[in-house]
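Have a look at input_20.cif; it's mmCIF, C-alpha atoms:
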data_model
loop_
_atom_site.group_PDB
_atom_site.id
_atom_site.type_symbol
_atom_site.label_atom_id
_atom_site.label_comp_id
_atom_site.auth_asym_id
_atom_site.auth_seq_id
_atom_site.Cartn_x
_atom_site.Cartn_y
_atom_site.Cartn_z
ATOM 1 C CA MET W 5 121.102 -107.865 160.982
ATOM 2 C CA ALA W 6 119.125 -109.101 164.026
ATOM 3 C CA PRO W 7 117.552 -106.422 166.264
ATOM 4 C CA VAL W 8 119.360 -105.613 169.515
ATOM 5 C CA PHE W 9 117.481 -104.902 172.774
ATOM 6 C CA ASP W 10 118.901 -103.538 176.002
ATOM 7 C CA GLY W 11 118.355 -105.269 179.363
ATOM 8 C CA LYS W 12 115.265 -103.256 180.303
ATOM 9 C CA GLU W 13 113.524 -104.105 177.042
ATOM 10 C CA ALA W 14 114.349 -107.776 177.383
ATOM 11 C CA GLN W 15 112.713 -107.900 180.809
ATOM 12 C CA GLY W 16 109.299 -106.663 179.784
ATOM 13 C CA ASP W 17 109.049 -103.650 177.470
ATOM 14 C CA SER W 18 109.782 -105.532 174.237
ATOM 15 C CA PRO W 19 107.703 -108.086 172.339
ATOM 16 C CA LEU W 20 110.127 -110.706 173.693
ATOM 17 C CA GLY W 21 109.387 -109.858 177.330
ATOM 18 C CA LYS W 22 106.415 -110.692 179.540
ATOM 19 C CA ARG W 23 103.194 -108.956 178.484
ATOM 20 C CA GLN W 24 101.593 -106.610 180.977
ATOM 21 C CA PRO W 25 97.908 -105.588 181.112
ATOM 22 C CA GLU W 26 97.218 -102.128 179.744
ATOM 23 C CA GLY W 27 95.716 -99.388 181.877
ATOM 24 C CA PRO W 28 96.030 -98.548 185.570
ATOM 25 C CA PRO W 29 96.179 -101.278 188.228
ATOM 26 C CA PRO W 30 92.919 -102.154 190.025
ATOM 27 C CA ALA W 31 91.929 -100.062 193.026
ATOM 28 C CA PRO W 32 93.046 -101.560 196.348
ATOM 29 C CA ALA W 33 90.585 -103.106 198.791
ATOM 30 C CA VAL W 34 89.799 -100.948 201.827
ATOM 31 C CA GLN W 35 87.166 -103.108 203.529
ATOM 32 C CA ARG W 36 86.284 -106.781 203.870
ATOM 33 C CA ILE W 37 82.701 -107.915 204.517
ATOM 34 C CA ARG W 38 81.667 -111.417 205.614
ATOM 35 C CA LEU W 39 78.225 -112.681 204.691
ATOM 36 C CA ARG W 40 76.074 -115.565 205.842
ATOM 37 C CA TYR W 41 73.560 -116.798 203.283
ATOM 38 C CA THR W 42 71.066 -119.623 202.859
ATOM 39 C CA LYS W 43 70.007 -122.196 200.258
ATOM 40 C CA ARG W 44 66.325 -122.953 200.751
ATOM 41 C CA GLY W 45 63.513 -124.706 198.957
ATOM 42 C CA ARG W 46 64.094 -125.620 195.323
ATOM 43 C CA LEU W 47 67.349 -123.646 195.247
ATOM 44 C CA ARG W 48 69.027 -126.282 197.396
ATOM 45 C CA PHE W 49 69.543 -128.068 194.060
ATOM 46 C CA THR W 50 71.716 -125.253 192.692
ATOM 47 C CA SER W 51 75.391 -126.126 192.376
ATOM 48 C CA HIS W 52 78.117 -123.979 193.889
ATOM 49 C CA ARG W 53 79.024 -122.751 190.403
ATOM 50 C CA ASP W 54 75.384 -121.727 189.834
ATOM 51 C CA PHE W 55 75.438 -119.761 193.081
ATOM 52 C CA GLN W 56 78.693 -118.040 192.138
ATOM 53 C CA ARG W 57 77.158 -116.811 188.888
ATOM 54 C CA ALA W 58 73.989 -115.635 190.654
ATOM 55 C CA PHE W 59 75.987 -113.843 193.345
ATOM 56 C CA GLU W 60 78.256 -112.045 190.900
ATOM 57 C CA ARG W 61 75.166 -110.860 188.989
ATOM 58 C CA ALA W 62 73.741 -109.600 192.297
ATOM 59 C CA LEU W 63 76.966 -107.679 192.991
ATOM 60 C CA ARG W 64 76.692 -105.919 189.624
ATOM 61 C CA ARG W 65 72.966 -105.281 190.011
ATOM 62 C CA ALA W 66 73.492 -103.789 193.481
ATOM 63 C CA GLU W 67 76.442 -101.691 192.210
ATOM 64 C CA VAL W 68 78.707 -102.929 194.994
ATOM 65 C CA PRO W 69 82.185 -101.292 194.742
ATOM 66 C CA MET W 70 84.071 -104.575 194.415
ATOM 67 C CA ALA W 71 87.846 -104.935 194.459
ATOM 68 C CA TYR W 72 89.163 -106.881 191.477
ATOM 69 C CA SER W 73 92.164 -109.080 190.904
ATOM 70 C CA ALA W 74 94.969 -107.929 188.610
ATOM 71 C CA GLY W 75 95.872 -109.533 185.298
ATOM 72 C CA PHE W 76 94.293 -109.905 181.875
ATOM 73 C CA THR W 77 91.057 -111.441 183.230
ATOM 74 C CA PRO W 78 90.171 -109.513 186.419
ATOM 75 C CA HIS W 79 87.529 -111.057 188.632
ATOM 76 C CA PRO W 80 85.813 -109.759 191.777
ATOM 77 C CA LYS W 81 87.546 -110.661 195.022
ATOM 78 C CA VAL W 82 85.087 -113.110 196.578
ATOM 79 C CA SER W 83 86.225 -115.920 198.875
ATOM 80 C CA TYR W 84 83.823 -118.834 199.317
ATOM 81 C CA ALA W 85 84.169 -121.151 202.313
ATOM 82 C CA ASN W 86 83.126 -124.805 202.487
ATOM 83 C CA ALA W 87 80.032 -124.799 200.289
ATOM 84 C CA ALA W 88 77.295 -127.354 200.998
ATOM 85 C CA PRO W 89 76.860 -130.251 198.541
ATOM 86 C CA THR W 90 74.351 -129.832 195.721
ATOM 87 C CA GLY W 91 70.900 -131.042 196.775
ATOM 88 C CA THR W 92 71.247 -130.090 200.444
ATOM 89 C CA GLY W 93 69.634 -127.060 202.028
ATOM 90 C CA SER W 94 71.632 -124.739 204.254
ATOM 91 C CA GLU W 95 71.080 -122.012 206.793
ATOM 92 C CA ALA W 96 74.797 -121.351 207.230
ATOM 93 C CA GLU W 97 76.859 -120.691 204.102
ATOM 94 C CA TYR W 98 79.656 -118.124 204.310
ATOM 95 C CA LEU W 99 81.666 -115.927 201.976
ATOM 96 C CA GLU W 100 83.845 -112.826 202.131
ATOM 97 C CA ILE W 101 84.001 -109.911 199.681
ATOM 98 C CA GLN W 102 86.548 -107.107 199.353
ATOM 99 C CA LEU W 103 85.435 -103.545 198.607
ATOM 100 C CA THR W 104 87.213 -100.481 197.240
ATOM 101 C CA GLU W 105 84.899 -98.167 199.207
ATOM 102 C CA GLU W 106 83.568 -98.625 202.728
ATOM 103 C CA ARG W 107 79.932 -99.609 203.113
ATOM 104 C CA ASP W 108 77.602 -100.163 206.047
ATOM 105 C CA PRO W 109 77.419 -103.971 206.442
ATOM 106 C CA GLU W 110 73.673 -104.082 207.159
ATOM 107 C CA LYS W 111 72.741 -101.832 204.234
ATOM 108 C CA LEU W 112 74.963 -103.913 201.967
ATOM 109 C CA ARG W 113 73.270 -107.088 203.198
ATOM 110 C CA ALA W 114 69.841 -105.678 202.414
ATOM 111 C CA ILE W 115 70.614 -104.640 198.828
ATOM 112 C CA LEU W 116 72.363 -107.928 198.061
ATOM 113 C CA ASP W 117 69.467 -109.911 199.490
ATOM 114 C CA GLU W 118 67.047 -107.979 197.263
ATOM 115 C CA SER W 119 69.236 -108.719 194.235
ATOM 116 C CA LEU W 120 69.286 -112.507 194.745
ATOM 117 C CA PRO W 121 66.453 -114.927 193.924
ATOM 118 C CA GLU W 122 64.171 -116.073 196.727
ATOM 119 C CA GLY W 123 65.777 -119.027 198.476
ATOM 120 C CA LEU W 124 69.273 -117.573 198.225
ATOM 121 C CA ASP W 125 68.982 -115.156 201.128
ATOM 122 C CA VAL W 126 71.726 -113.044 202.720
ATOM 123 C CA ILE W 127 70.812 -113.074 206.394
ATOM 124 C CA GLU W 128 73.914 -111.718 208.174
ATOM 125 C CA SER W 129 76.690 -109.279 207.341
ATOM 126 C CA VAL W 130 79.672 -108.163 209.424
ATOM 127 C CA GLU W 131 82.852 -106.232 208.727
ATOM 128 C CA ALA W 132 85.837 -108.589 208.811
ATOM 129 C CA ARG W 133 88.022 -107.457 211.704
ATOM 130 C CA THR W 134 89.794 -110.763 212.325
ATOM 131 C CA SER W 135 91.621 -113.264 210.139
ATOM 132 C CA GLY W 136 90.994 -116.913 209.421
ATOM 133 C CA LEU W 137 87.261 -117.314 208.754
ATOM 134 C CA ALA W 138 87.871 -120.580 206.897
ATOM 135 C CA ASP W 139 89.934 -121.872 209.838
ATOM 136 C CA ARG W 140 86.956 -121.327 212.144
ATOM 137 C CA LEU W 141 84.713 -123.566 210.045
ATOM 138 C CA GLN W 142 85.737 -126.734 211.860
ATOM 139 C CA ALA W 143 82.434 -128.608 211.848
ATOM 140 C CA SER W 144 78.839 -128.543 210.588
ATOM 141 C CA VAL W 145 75.494 -129.247 212.219
ATOM 142 C CA TRP W 146 73.112 -131.105 209.906
ATOM 143 C CA GLU W 147 69.454 -132.034 210.191
ATOM 144 C CA ILE W 148 68.415 -135.181 208.295
ATOM 145 C CA ARG W 149 64.726 -135.868 207.760
ATOM 146 C CA LEU W 150 63.951 -139.530 207.042
ATOM 147 C CA ASP W 151 60.397 -139.802 205.772
ATOM 148 C CA GLN W 152 58.622 -143.128 206.287
ATOM 149 C CA VAL W 153 61.226 -144.234 208.855
ATOM 150 C CA ALA W 154 60.006 -144.990 212.384
ATOM 151 C CA PRO W 155 61.855 -143.002 215.081
ATOM 152 C CA ALA W 156 62.503 -146.236 217.031
ATOM 153 C CA ASP W 157 64.258 -147.770 214.004
ATOM 154 C CA ALA W 158 66.371 -144.644 213.611
ATOM 155 C CA GLU W 159 67.338 -144.728 217.301
ATOM 156 C CA ARG W 160 68.531 -148.321 217.005
ATOM 157 C CA ALA W 161 70.559 -147.473 213.905
ATOM 158 C CA VAL W 162 72.141 -144.444 215.586
ATOM 159 C CA ALA W 163 73.137 -146.560 218.609
ATOM 160 C CA ALA W 164 74.748 -149.186 216.376
ATOM 161 C CA PHE W 165 76.645 -146.515 214.406
ATOM 162 C CA LEU W 166 77.992 -144.817 217.546
ATOM 163 C CA GLU W 167 79.070 -148.121 219.109
ATOM 164 C CA ALA W 168 81.233 -148.993 216.099
ATOM 165 C CA ASP W 169 84.934 -148.089 216.198
ATOM 166 C CA THR W 170 85.034 -147.592 212.437
ATOM 167 C CA VAL W 171 82.339 -147.476 209.771
ATOM 168 C CA GLU W 172 83.748 -147.898 206.290
ATOM 169 C CA VAL W 173 81.710 -146.497 203.420
ATOM 170 C CA GLU W 174 82.317 -146.135 199.711
ATOM 171 C CA ARG W 175 81.880 -143.070 197.511
ATOM 172 C CA ARG W 176 82.495 -142.717 193.816
ATOM 173 C CA THR W 177 84.815 -139.796 193.048
ATOM 174 C CA LYS W 178 86.376 -138.495 189.852
ATOM 175 C CA ASN W 179 89.315 -140.787 190.597
ATOM 176 C CA GLY W 180 87.127 -143.854 191.039
ATOM 177 C CA LEU W 181 85.571 -145.647 193.992
ATOM 178 C CA ARG W 182 87.011 -144.584 197.348
ATOM 179 C CA THR W 183 86.624 -146.274 200.742
ATOM 180 C CA PHE W 184 86.975 -144.294 203.992
ATOM 181 C CA ASP W 185 85.866 -144.232 207.624
ATOM 182 C CA ALA W 186 82.696 -142.203 208.211
ATOM 183 C CA ARG W 187 82.667 -142.777 211.993
ATOM 184 C CA ALA W 188 85.793 -140.763 212.859
ATOM 185 C CA ALA W 189 84.320 -137.500 211.553
ATOM 186 C CA VAL W 190 81.077 -137.741 213.540
ATOM 187 C CA ALA W 191 81.279 -135.735 216.765
ATOM 188 C CA ARG W 192 77.596 -136.161 217.613
ATOM 189 C CA LEU W 193 74.617 -138.072 216.232
ATOM 190 C CA GLU W 194 71.165 -138.307 217.791
ATOM 191 C CA THR W 195 67.482 -138.449 217.011
ATOM 192 C CA VAL W 196 65.466 -135.345 217.874
ATOM 193 C CA PRO W 197 61.734 -134.888 218.528
ATOM 194 C CA ALA W 198 59.445 -133.762 215.728
ATOM 195 C CA ARG W 199 58.835 -130.022 215.618
ATOM 196 C CA ALA W 200 55.341 -128.672 216.116
ATOM 197 C CA ASP W 201 55.771 -126.236 213.205
ATOM 198 C CA ARG W 202 56.355 -129.071 210.731
ATOM 199 C CA PRO W 203 53.114 -131.004 210.154
ATOM 200 C CA GLY W 204 53.718 -134.649 209.425
ATOM 201 C CA ASP W 205 57.084 -134.831 211.202
ATOM 202 C CA GLY W 206 55.599 -137.357 213.606
ATOM 203 C CA GLY W 207 55.563 -139.898 210.767
ATOM 204 C CA CYS W 208 59.283 -139.714 210.152
ATOM 205 C CA ALA W 209 62.611 -139.793 211.959
ATOM 206 C CA ILE W 210 64.729 -136.670 212.344
ATOM 207 C CA LEU W 211 68.461 -136.909 213.003
ATOM 208 C CA ARG W 212 70.791 -134.188 214.288
ATOM 209 C CA LEU W 213 74.374 -134.679 213.144
ATOM 210 C CA VAL W 214 77.618 -132.833 213.969
ATOM 211 C CA VAL W 215 80.425 -133.651 211.538
ATOM 212 C CA ARG W 216 84.037 -132.510 211.736
ATOM 213 C CA HIS W 217 85.508 -131.059 208.554
ATOM 214 C CA LEU W 218 88.220 -133.606 207.818
ATOM 215 C CA THR W 219 90.001 -134.867 204.709
ATOM 216 C CA PRO W 220 88.424 -136.664 202.975
ATOM 217 C CA ALA W 221 85.253 -134.725 203.753
ATOM 218 C CA VAL W 222 82.469 -136.803 205.303
ATOM 219 C CA ARG W 223 79.040 -135.707 204.070
ATOM 220 C CA PRO W 224 75.576 -136.496 205.460
ATOM 221 C CA ASP W 225 74.983 -139.045 202.704
ATOM 222 C CA ASP W 226 78.132 -140.859 203.830
ATOM 223 C CA VAL W 227 76.697 -141.107 207.341
ATOM 224 C CA LEU W 228 73.453 -142.451 205.888
ATOM 225 C CA SER W 229 75.530 -145.077 204.062
ATOM 226 C CA GLY W 230 77.126 -145.890 207.409
ATOM 227 C CA LEU W 231 73.725 -146.322 209.049
ATOM 228 C CA ARG W 232 72.785 -148.702 206.265
ATOM 229 C CA ALA W 233 76.030 -150.652 206.740
ATOM 230 C CA THR W 234 75.817 -150.942 210.537
ATOM 231 C CA ALA W 235 72.048 -151.318 211.061
ATOM 232 C CA ASP W 236 70.525 -151.940 207.631
ATOM 233 C CA LEU W 237 68.649 -148.624 207.837
ATOM 234 C CA ALA W 238 67.458 -147.875 204.299
ATOM 235 C CA PRO W 239 64.940 -144.996 203.978
ATOM 236 C CA PRO W 240 62.377 -145.713 201.239
ATOM 237 C CA VAL W 241 62.560 -142.115 199.975
ATOM 238 C CA PRO W 242 65.550 -139.755 199.655
ATOM 239 C CA ALA W 243 66.492 -137.952 202.853
ATOM 240 C CA ALA W 244 65.947 -134.181 203.170
ATOM 241 C CA VAL W 245 69.209 -132.710 204.448
ATOM 242 C CA THR W 246 69.764 -129.177 205.794
ATOM 243 C CA ARG W 247 72.896 -127.609 207.243
ATOM 244 C CA LEU W 248 71.862 -125.674 210.342
ATOM 245 C CA ALA W 249 75.226 -124.234 211.373
ATOM 246 C CA GLN W 250 78.965 -124.425 210.894
ATOM 247 C CA GLY W 251 81.810 -123.007 212.937
ATOM 248 C CA LEU W 252 84.197 -123.812 215.762
ATOM 249 C CA LEU W 253 83.646 -127.193 217.420
ATOM 250 C CA ASP W 254 83.553 -127.631 221.201
ATOM 251 C CA GLU W 255 84.768 -131.231 221.444
ATOM 252 C CA GLU W 256 83.549 -131.635 225.025
ATOM 253 C CA SER W 257 79.930 -130.669 224.368
ATOM 254 C CA GLY W 258 79.765 -131.415 220.646
ATOM 255 C CA THR W 259 78.336 -127.944 219.951
ATOM 256 C CA VAL W 260 79.286 -125.608 217.097
ATOM 257 C CA THR W 261 79.754 -121.883 217.736
ATOM 258 C CA ASP W 262 79.080 -118.875 215.486
ATOM 259 C CA PRO W 263 82.140 -118.159 213.268
ATOM 260 C CA LEU W 264 81.193 -114.474 212.888
ATOM 261 C CA ALA W 265 81.145 -113.832 216.647
ATOM 262 C CA PRO W 266 84.835 -112.749 216.831
ATOM 263 C CA ASP W 267 84.199 -110.078 214.176
ATOM 264 C CA ARG W 268 81.149 -108.763 216.034
ATOM 265 C CA GLU W 269 83.095 -108.657 219.287
ATOM 266 C CA ALA W 270 85.988 -106.829 217.609
ATOM 267 C CA ALA W 271 83.566 -104.294 216.106
ATOM 268 C CA GLN W 272 81.916 -103.710 219.484
ATOM 269 C CA ALA W 273 85.311 -103.267 221.142
ATOM 270 C CA ALA W 274 86.290 -100.713 218.495
ATOM 271 C CA LEU W 275 83.060 -98.766 219.094
ATOM 272 C CA SER W 276 83.652 -98.767 222.842
ATOM 273 C CA THR W 277 87.224 -97.554 222.387
ATOM 274 C CA ALA W 278 86.089 -94.791 220.027
ATOM 275 C CA ALA W 279 83.419 -93.682 222.519
ATOM 276 C CA GLU W 280 85.984 -93.562 225.331
ATOM 277 C CA LEU W 281 88.385 -91.486 223.216
ATOM 278 C CA THR W 282 85.609 -89.082 222.268
ATOM 279 C CA ALA W 283 84.622 -88.671 225.920
ATOM 280 C CA ALA W 284 88.231 -88.120 226.977
ATOM 281 C CA MET W 285 88.797 -85.441 224.329
ATOM 282 C CA ALA W 286 85.574 -83.573 225.031
ATOM 283 C CA PRO W 287 86.118 -80.153 226.663
ATOM 284 C CA GLU W 288 85.210 -79.955 230.323
ATOM 285 C CA GLY W 289 82.200 -77.909 231.281
ATOM 286 C CA PRO W 290 82.313 -74.781 233.424
ATOM 287 C CA ALA W 291 83.347 -75.330 237.024
#
Can you present the structure in this file as structure tokens?
Amino acid sequence: MAPVFDGKEAQGDSPLGKRQPEGPPPAPAVQRIRLRYTKRGRLRFTSHRDFQRAFERALRRAEVPMAYSAGFTPHPKVSYANAAPTGTGSEAEYLEIQLTEERDPEKLRAILDESLPEGLDVIESVEARTSGLADRLQASVWEIRLDQVAPADAERAVAAFLEADTVEVERRTKNGLRTFDARAAVARLETVPARADRPGDGGCAILRLVVRHLTPAVRPDDVLSGLRATADLAPPVPAAVTRLAQGLLDEESGTVTDPLAPDREAAQAALSTAAELTAAMAPEGPA
């Protein structure tokens, strides 16, 4: 005779129902921390997956009280936002972590920075007091160093690129060769003077580029392809590319603002409110 199960068993308590992980559910998150980190030097060649592995090792090494997802394969709750392409340096990468215990953001930054290899540096940490960090990453500022390219040649190429209504470029993707317009994403493109702290910069051209985060994403190498297409600018050596900033884009000025500023302002407002409440509740002194 076939076994008979009641409704409750059929929904989940029997071998025929949906399996559930054993043990208690993971502890809830009580705090969110947003971090800004860099990719410098040789570590600009690390992939995003490589960084994820290094960062999760740093979390364990620093004994950070991470919140974990539920299910049979729990993983730490880390949200990465708009990682830079492999091979490019960056001064402005962002991520958010969720904690089961509250921590001082600056102390947490310091211990995580010590736990990461040199070149992957955590340089800012704020408590998340607003929503939508990813939505505030509207554009990136890039610096492109073109060794063995005369600044005058770069200026002519930039002028030709900006005068064009569209600049079609090709990129090979996992779905094959794709053609798209690189010009529409560029909010600003200019040559900048060589910096005194970088010996040898006088023998190369340096570009400053502001690119909107559109779909499909336009990367610095796509803009370089556009410069080649519009002005036949072909650097003899690979360009050195560094992301300087990313955040909200001011379309009028072409500048990019700090995406962590709203969280800092919210934290400062909370401190001011707490100070006012403490002052209001303090007993009055003798008349």
Near Gly258 (chain W), within 10 Å and counting all atoms listed in the file, which residues show up once chain neighbours fewer than 3 positions away are dropped, as a count of residues only? 14
Skip region 240-249 of chain W itself and residues of its chain fewer than 4 positions away, then list as a count of residues only all residues within 8 Å of it, counting all atoms listed in the file. 19
Record the distance separating CA of Glu118 (chain W) and CA of Glu67 (chain W), expressed in Å with one decimal.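 Separation between CA of Glu118 (chain W) and CA of Glu67 (chain W): 12.4 Å.
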Considering all atoms listed in the file, return as number ranges by chain whatever protein or nucleic-acid residues lie within 12 Å of region 43-58 of chain W, sequence-local ones (same chain, fewer than 6 positions apart) excluded. W: 64-65, 79-99, 116-117, 119-127, 244-248
d(CA of Thr277 (chain W), CA of Pro32 (chain W)) in Å: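 Computing it gives 27.0 Å between the two atoms.
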Give as a list in words the residues that the PyMOL selection byres ((chain W and resi 142) around 6) matches when applied to the coordinates above.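 Taken on the displayed file, the PyMOL selection byres ((chain W and resi 142) around 6) yields the residues Arg140, Leu141, Ala143, His217, Gly251, Leu252 and Leu253 of chain W.
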Check the smallest atom-to-atom distance from each of W:Asp139, W:Glu60, W:Glu256, W:Asp226 to Ile101 (chain W) using all atoms listed in the file, then report the winner. W:Glu60
Separation of CA of Ala74 (chain W) and CA of Glu106 (chain W), in Å? 20.4 Å
Between W:Val162, W:Asp157, W:Ile210, W:Ala221, which one has atoms that come closest to Thr177 (chain W), using all atoms listed in the file?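 Comparing W:Val162, W:Asp157, W:Ile210, W:Ala221 against Thr177 (chain W), the winner is W:Ala221.
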